[in-house]
file model_21.tsv (TSV, C-alpha atoms)
chain	number	residue	atom	x	y	z
A	795	MET	CA	45.17	59.85	-34.87
A	796	SER	CA	46.68	57.62	-32.17
A	797	VAL	CA	44.80	55.54	-29.63
A	798	GLU	CA	45.51	56.33	-25.99
A	799	ILE	CA	44.94	53.47	-23.54
A	800	ARG	CA	44.65	54.24	-19.86
A	801	PRO	CA	43.27	52.62	-16.71
A	802	LEU	CA	39.62	53.18	-16.02
A	803	GLN	CA	39.03	56.00	-13.51
A	804	LYS	CA	36.09	57.00	-11.31
A	805	SER	CA	35.51	60.05	-13.54
A	806	ASP	CA	34.94	57.69	-16.52
A	807	GLU	CA	31.72	56.23	-15.15
A	808	ALA	CA	29.28	57.92	-17.54
A	809	GLU	CA	31.35	57.10	-20.64
A	810	TRP	CA	32.07	53.59	-19.34
A	811	ARG	CA	28.31	53.02	-18.92
A	812	ARG	CA	27.72	54.19	-22.49
A	813	LEU	CA	30.41	51.87	-23.84
A	814	TRP	CA	29.41	48.86	-21.74
A	815	ALA	CA	25.76	49.34	-22.71
A	816	GLY	CA	26.90	49.20	-26.35
A	817	TYR	CA	28.86	46.03	-25.65
A	818	LEU	CA	25.88	44.40	-23.93
A	819	ALA	CA	23.56	45.47	-26.76
A	820	PHE	CA	25.94	43.88	-29.28
A	821	TYR	CA	25.46	40.58	-27.44
A	822	GLU	CA	21.71	41.24	-27.20
A	823	THR	CA	21.60	41.35	-23.42
A	824	THR	CA	21.02	43.76	-20.56
A	825	VAL	CA	21.92	43.82	-16.88
A	826	ALA	CA	20.27	45.42	-13.87
A	827	GLU	CA	21.39	48.81	-12.51
A	828	GLU	CA	22.87	47.03	-9.50
A	829	VAL	CA	25.16	45.07	-11.84
A	830	TYR	CA	26.33	48.31	-13.51
A	831	ARG	CA	27.12	49.88	-10.12
A	832	THR	CA	28.81	46.77	-8.71
A	833	THR	CA	30.84	46.06	-11.83
A	834	PHE	CA	32.13	49.62	-12.07
A	835	ALA	CA	33.05	49.66	-8.37
A	836	ARG	CA	34.95	46.40	-8.80
A	837	LEU	CA	36.77	47.66	-11.88
A	838	ILE	CA	38.12	50.76	-10.12
A	839	SER	CA	38.68	49.19	-6.68
A	840	GLY	CA	42.35	48.40	-7.24
A	841	ALA	CA	41.93	45.15	-5.28
A	842	GLY	CA	44.36	42.48	-6.40
A	843	ASN	CA	41.73	39.81	-6.94
A	844	GLU	CA	39.25	42.01	-8.81
A	845	TYR	CA	38.63	42.79	-12.43
A	846	ARG	CA	40.56	45.72	-13.88
A	847	GLY	CA	39.60	48.00	-16.71
A	848	PHE	CA	41.09	50.06	-19.51
A	849	VAL	CA	39.51	52.70	-21.69
A	850	ALA	CA	40.70	53.56	-25.17
A	851	CYS	CA	40.53	57.22	-26.13
A	852	LEU	CA	40.74	59.03	-29.45
A	853	GLU	CA	41.20	62.78	-29.12
A	854	ALA	CA	40.55	62.43	-25.35
A	855	LYS	CA	37.12	60.81	-25.91
A	856	PRO	CA	36.60	57.26	-24.61
A	857	VAL	CA	35.77	55.01	-27.56
A	858	GLY	CA	36.52	51.53	-26.23
A	859	LEU	CA	36.93	49.41	-23.12
A	860	ALA	CA	38.54	46.24	-21.88
A	861	HIS	CA	37.87	44.33	-18.64
A	862	TYR	CA	40.35	41.70	-17.49
A	863	LEU	CA	41.16	39.50	-14.51
A	864	PHE	CA	44.19	37.55	-13.34
A	865	HIS	CA	43.49	34.13	-11.87
A	866	ARG	CA	45.24	30.90	-10.97
A	867	HIS	CA	45.38	28.05	-13.44
A	868	ASN	CA	46.00	24.40	-12.62
A	869	TRP	CA	48.16	23.84	-15.69
A	870	SER	CA	50.79	26.44	-14.78
A	871	ILE	CA	52.37	27.97	-11.69
A	872	GLU	CA	51.83	31.46	-13.08
A	873	ASP	CA	48.43	33.13	-13.19
A	874	VAL	CA	46.60	33.54	-16.46
A	875	CYS	CA	44.77	36.64	-17.61
A	876	TYR	CA	41.16	36.48	-18.74
A	877	LEU	CA	40.07	39.29	-21.06
A	878	GLN	CA	36.33	39.16	-20.43
A	879	ASP	CA	34.97	42.22	-22.22
A	880	LEU	CA	36.40	44.06	-25.22
A	881	TYR	CA	34.45	46.74	-27.07
A	882	ALA	CA	35.04	49.61	-29.49
A	883	ASP	CA	32.40	52.07	-30.66
A	884	PRO	CA	31.19	50.96	-34.11
A	885	GLN	CA	32.30	54.23	-35.75
A	886	VAL	CA	35.95	53.67	-34.71
A	887	ARG	CA	36.29	50.02	-35.63
A	888	GLY	CA	39.20	49.40	-37.95
A	889	LYS	CA	41.23	52.24	-36.38
A	890	GLY	CA	43.30	50.03	-34.06
A	891	VAL	CA	41.22	50.45	-30.89
A	892	GLY	CA	40.61	46.73	-30.30
A	893	ARG	CA	44.21	45.82	-31.03
A	894	ALA	CA	45.49	48.57	-28.72
A	895	LEU	CA	43.25	47.38	-25.89
A	896	ILE	CA	44.35	43.76	-26.33
A	897	GLU	CA	48.00	44.82	-26.41
A	898	ALA	CA	47.52	46.89	-23.23
A	899	VAL	CA	46.03	43.88	-21.42
A	900	HIS	CA	48.82	41.70	-22.81
A	901	GLY	CA	51.36	44.21	-21.49
A	902	GLU	CA	49.82	44.03	-18.02
A	903	ALA	CA	49.94	40.24	-18.19
A	904	ILE	CA	53.65	40.37	-19.03
A	905	LYS	CA	54.29	42.76	-16.12
A	906	ALA	CA	52.35	40.46	-13.77
A	907	GLY	CA	54.27	37.39	-14.93
A	908	ALA	CA	51.12	35.73	-16.24
A	909	HIS	CA	51.36	32.63	-18.39
A	910	SER	CA	48.94	33.82	-21.09
A	911	VAL	CA	45.95	36.00	-21.97
A	912	TYR	CA	42.78	34.35	-23.22
A	913	TRP	CA	39.33	35.47	-24.30
A	914	MET	CA	36.17	34.18	-25.94
A	915	THR	CA	33.87	35.58	-28.58
A	916	ASN	CA	30.75	34.53	-30.39
A	917	LYS	CA	31.54	32.29	-33.37
A	918	ASP	CA	29.55	34.71	-35.58
A	919	ASN	CA	31.55	37.79	-34.50
A	920	THR	CA	33.41	37.75	-37.82
A	921	THR	CA	34.65	41.33	-37.69
A	922	ALA	CA	36.39	40.87	-34.34
A	923	ARG	CA	37.61	37.41	-35.28
A	924	GLN	CA	39.53	38.85	-38.23
A	925	LEU	CA	41.64	40.77	-35.71
A	926	TYR	CA	41.84	37.91	-33.21
A	927	ASP	CA	42.99	35.47	-35.88
A	928	ARG	CA	45.91	37.80	-36.73
A	929	ILE	CA	47.17	38.30	-33.18
A	930	ALA	CA	46.32	35.11	-31.25
A	931	LYS	CA	45.73	31.41	-31.67
A	932	VAL	CA	42.19	30.04	-31.76
A	933	THR	CA	41.69	26.97	-29.58
A	934	PRO	CA	39.41	23.98	-30.14
A	935	PHE	CA	37.65	24.38	-26.77
A	936	ILE	CA	33.88	24.81	-26.56
A	937	LYS	CA	32.31	26.64	-23.65
A	938	TYR	CA	29.48	25.06	-21.65
A	939	VAL	CA	27.37	26.87	-19.04
A	940	LYS	CA	24.99	25.33	-16.52
A	941	ALA	CA	22.86	27.96	-14.82
A	942	VAL	CA	22.27	27.81	-11.08
call {"tool": "encode", "arguments": {"input": "model_21.tsv", "output": "structure tokens"}}
result
Amino acid sequence: MSVEIRPLQKSDEAEWRRLWAGYLAFYETTVAEEVYRTTFARLISGAGNEYRGFVACLEAKPVGLAHYLFHRHNWSIEDVCYLQDLYADPQVRGKGVGRALIEAVHGEAIKAGAHSVYWMTNKDNTTARQLYDRIAKVTPFIKYVKAV
């Protein structure tokens, strides 16, 4: 069974909502309906400065998602690519969905001439980190957030 990765489409909204709700639940959070609507509209807008999205499908059923953004970086001339959200349905984990989504985003970064792709995860996300440790380099940076 091979994983098909394709750009997120307007017709994917119901499945995207299901997947993103699973992602948010994994991180023990929720967002308002307005955030769902706005985020999905941004993901499918095609605007150059907006987030983009992929869905991963097994047997034509969406089973995973990735959201990513290209942005400038002061340490390089080229843009960098931020992989913000990555999720695979729990029942398909270990079947290459996460890796395929990361590789699809990486492929887009290469096409765009980006310097690198980066992402963050919870330090306790040991299952995902087993994959990440095999395909990328962990950095020593710690994230801080100050709410406004």
call {"tool": "residues_around", "arguments": {"input": "model_21.tsv", "residues": "Lys889 of chain A", "least_positions_apart": "4", "cutoff": "10 Å", "atoms": "only C-alpha atoms", "output": "VMD selection string"}}
result
chain A and resid 795 to 797 852 882 885 893 to 894
call {"tool": "closest_atom_pairs", "arguments": {"input": "model_21.tsv", "of": "segment 875-900 of chain A", "to": "segment 820-839 of chain A", "cutoff": "12 Å", "atoms": "all atoms listed in the file", "output": "tab-separated table"}}
result
residue	atom	partner	partner_atom	distance
A:Asp879	CA	A:Tyr821	CA	11.0
A:Leu880	CA	A:Phe820	CA	11.2
A:Tyr881	CA	A:Phe820	CA	9.2
A:Ala882	CA	A:Phe820	CA	10.8
A:Asp883	CA	A:Phe820	CA	10.5
A:Pro884	CA	A:Phe820	CA	10.1
call {"tool": "residues_around", "arguments": {"input": "model_21.tsv", "residues": "Phe848 of chain A", "least_positions_apart": "4", "cutoff": "10 Å", "atoms": "all atoms listed in the file", "output": "number ranges by chain"}}
result
A: 799-803, 810, 837-838, 856, 858-862, 880, 895-896, 898-899
call {"tool": "closest_residue", "arguments": {"input": "model_21.tsv", "among": "A:Lys855, A:Trp814, A:Glu872, A:His865", "to": "Ile904 of chain A", "atoms": "only C-alpha atoms"}}
result
A:Glu872
call {"tool": "atom_distance", "arguments": {"input": "model_21.tsv", "atom1": "atom CA of Glu902 of chain A", "atom2": "atom CA of Gly840 of chain A"}}
result
13.8 Å
call {"tool": "residues_around", "arguments": {"input": "model_21.tsv", "residues": "Thr921 of chain A", "least_positions_apart": "3", "cutoff": "10 Å", "atoms": "all atoms listed in the file", "output": "ChimeraX atom specification"}}
result
/A:887-888,918,924-926
call {"tool": "atom_distance", "arguments": {"input": "model_21.tsv", "atom1": "atom CA of Leu877 of chain A", "atom2": "atom CA of Met914 of chain A"}}
result
8.1 Å
call {"tool": "decode", "arguments": {"input": "model_21.tsv", "residues": "segment 859-870 of chain A", "atoms": "N, CA and C atoms", "output": "PDB file, in the first residue's frame"}}
result
ATOM      1  N   LEU A 859      -1.839  14.938   7.308  1.00  0.00           N
ATOM      2  CA  LEU A 859      -1.747  16.307   6.784  1.00  0.00           C
ATOM      3  C   LEU A 859      -0.422  16.938   7.155  1.00  0.00           C
ATOM      4  N   ALA A 860      -0.063  17.934   6.387  1.00  0.00           N
ATOM      5  CA  ALA A 860       1.101  18.769   6.678  1.00  0.00           C
ATOM      6  C   ALA A 860       0.769  20.193   6.271  1.00  0.00           C
ATOM      7  N   HIS A 861       1.125  21.151   7.116  1.00  0.00           N
ATOM      8  CA  HIS A 861       0.969  22.580   6.834  1.00  0.00           C
ATOM      9  C   HIS A 861       2.359  23.207   6.876  1.00  0.00           C
ATOM     10  N   TYR A 862       2.693  24.017   5.883  1.00  0.00           N
ATOM     11  CA  TYR A 862       4.030  24.591   5.832  1.00  0.00           C
ATOM     12  C   TYR A 862       3.985  25.996   5.253  1.00  0.00           C
ATOM     13  N   LEU A 863       5.046  26.746   5.525  1.00  0.00           N
ATOM     14  CA  LEU A 863       5.136  28.146   5.130  1.00  0.00           C
ATOM     15  C   LEU A 863       6.572  28.486   4.769  1.00  0.00           C
ATOM     16  N   PHE A 864       6.749  29.220   3.688  1.00  0.00           N
ATOM     17  CA  PHE A 864       8.065  29.756   3.347  1.00  0.00           C
ATOM     18  C   PHE A 864       8.174  31.163   3.930  1.00  0.00           C
ATOM     19  N   HIS A 865       9.339  31.466   4.516  1.00  0.00           N
ATOM     20  CA  HIS A 865       9.541  32.822   5.028  1.00  0.00           C
ATOM     21  C   HIS A 865      11.016  33.203   4.956  1.00  0.00           C
ATOM     22  N   ARG A 866      11.256  34.486   5.012  1.00  0.00           N
ATOM     23  CA  ARG A 866      12.623  35.004   4.986  1.00  0.00           C
ATOM     24  C   ARG A 866      13.344  34.629   6.276  1.00  0.00           C
ATOM     25  N   HIS A 867      14.663  34.641   6.184  1.00  0.00           N
ATOM     26  CA  HIS A 867      15.492  34.301   7.341  1.00  0.00           C
ATOM     27  C   HIS A 867      16.719  35.204   7.290  1.00  0.00           C
ATOM     28  N   ASN A 868      17.055  35.810   8.386  1.00  0.00           N
ATOM     29  CA  ASN A 868      18.173  36.763   8.396  1.00  0.00           C
ATOM     30  C   ASN A 868      19.544  36.122   8.293  1.00  0.00           C
ATOM     31  N   TRP A 869      19.635  34.810   8.384  1.00  0.00           N
ATOM     32  CA  TRP A 869      20.928  34.155   8.301  1.00  0.00           C
ATOM     33  C   TRP A 869      21.200  33.561   6.922  1.00  0.00           C
ATOM     34  N   SER A 870      20.289  33.772   5.981  1.00  0.00           N
ATOM     35  CA  SER A 870      20.515  33.307   4.610  1.00  0.00           C
ATOM     36  C   SER A 870      19.752  34.206   3.653  1.00  0.00           C
TER      37      SER A 870
END
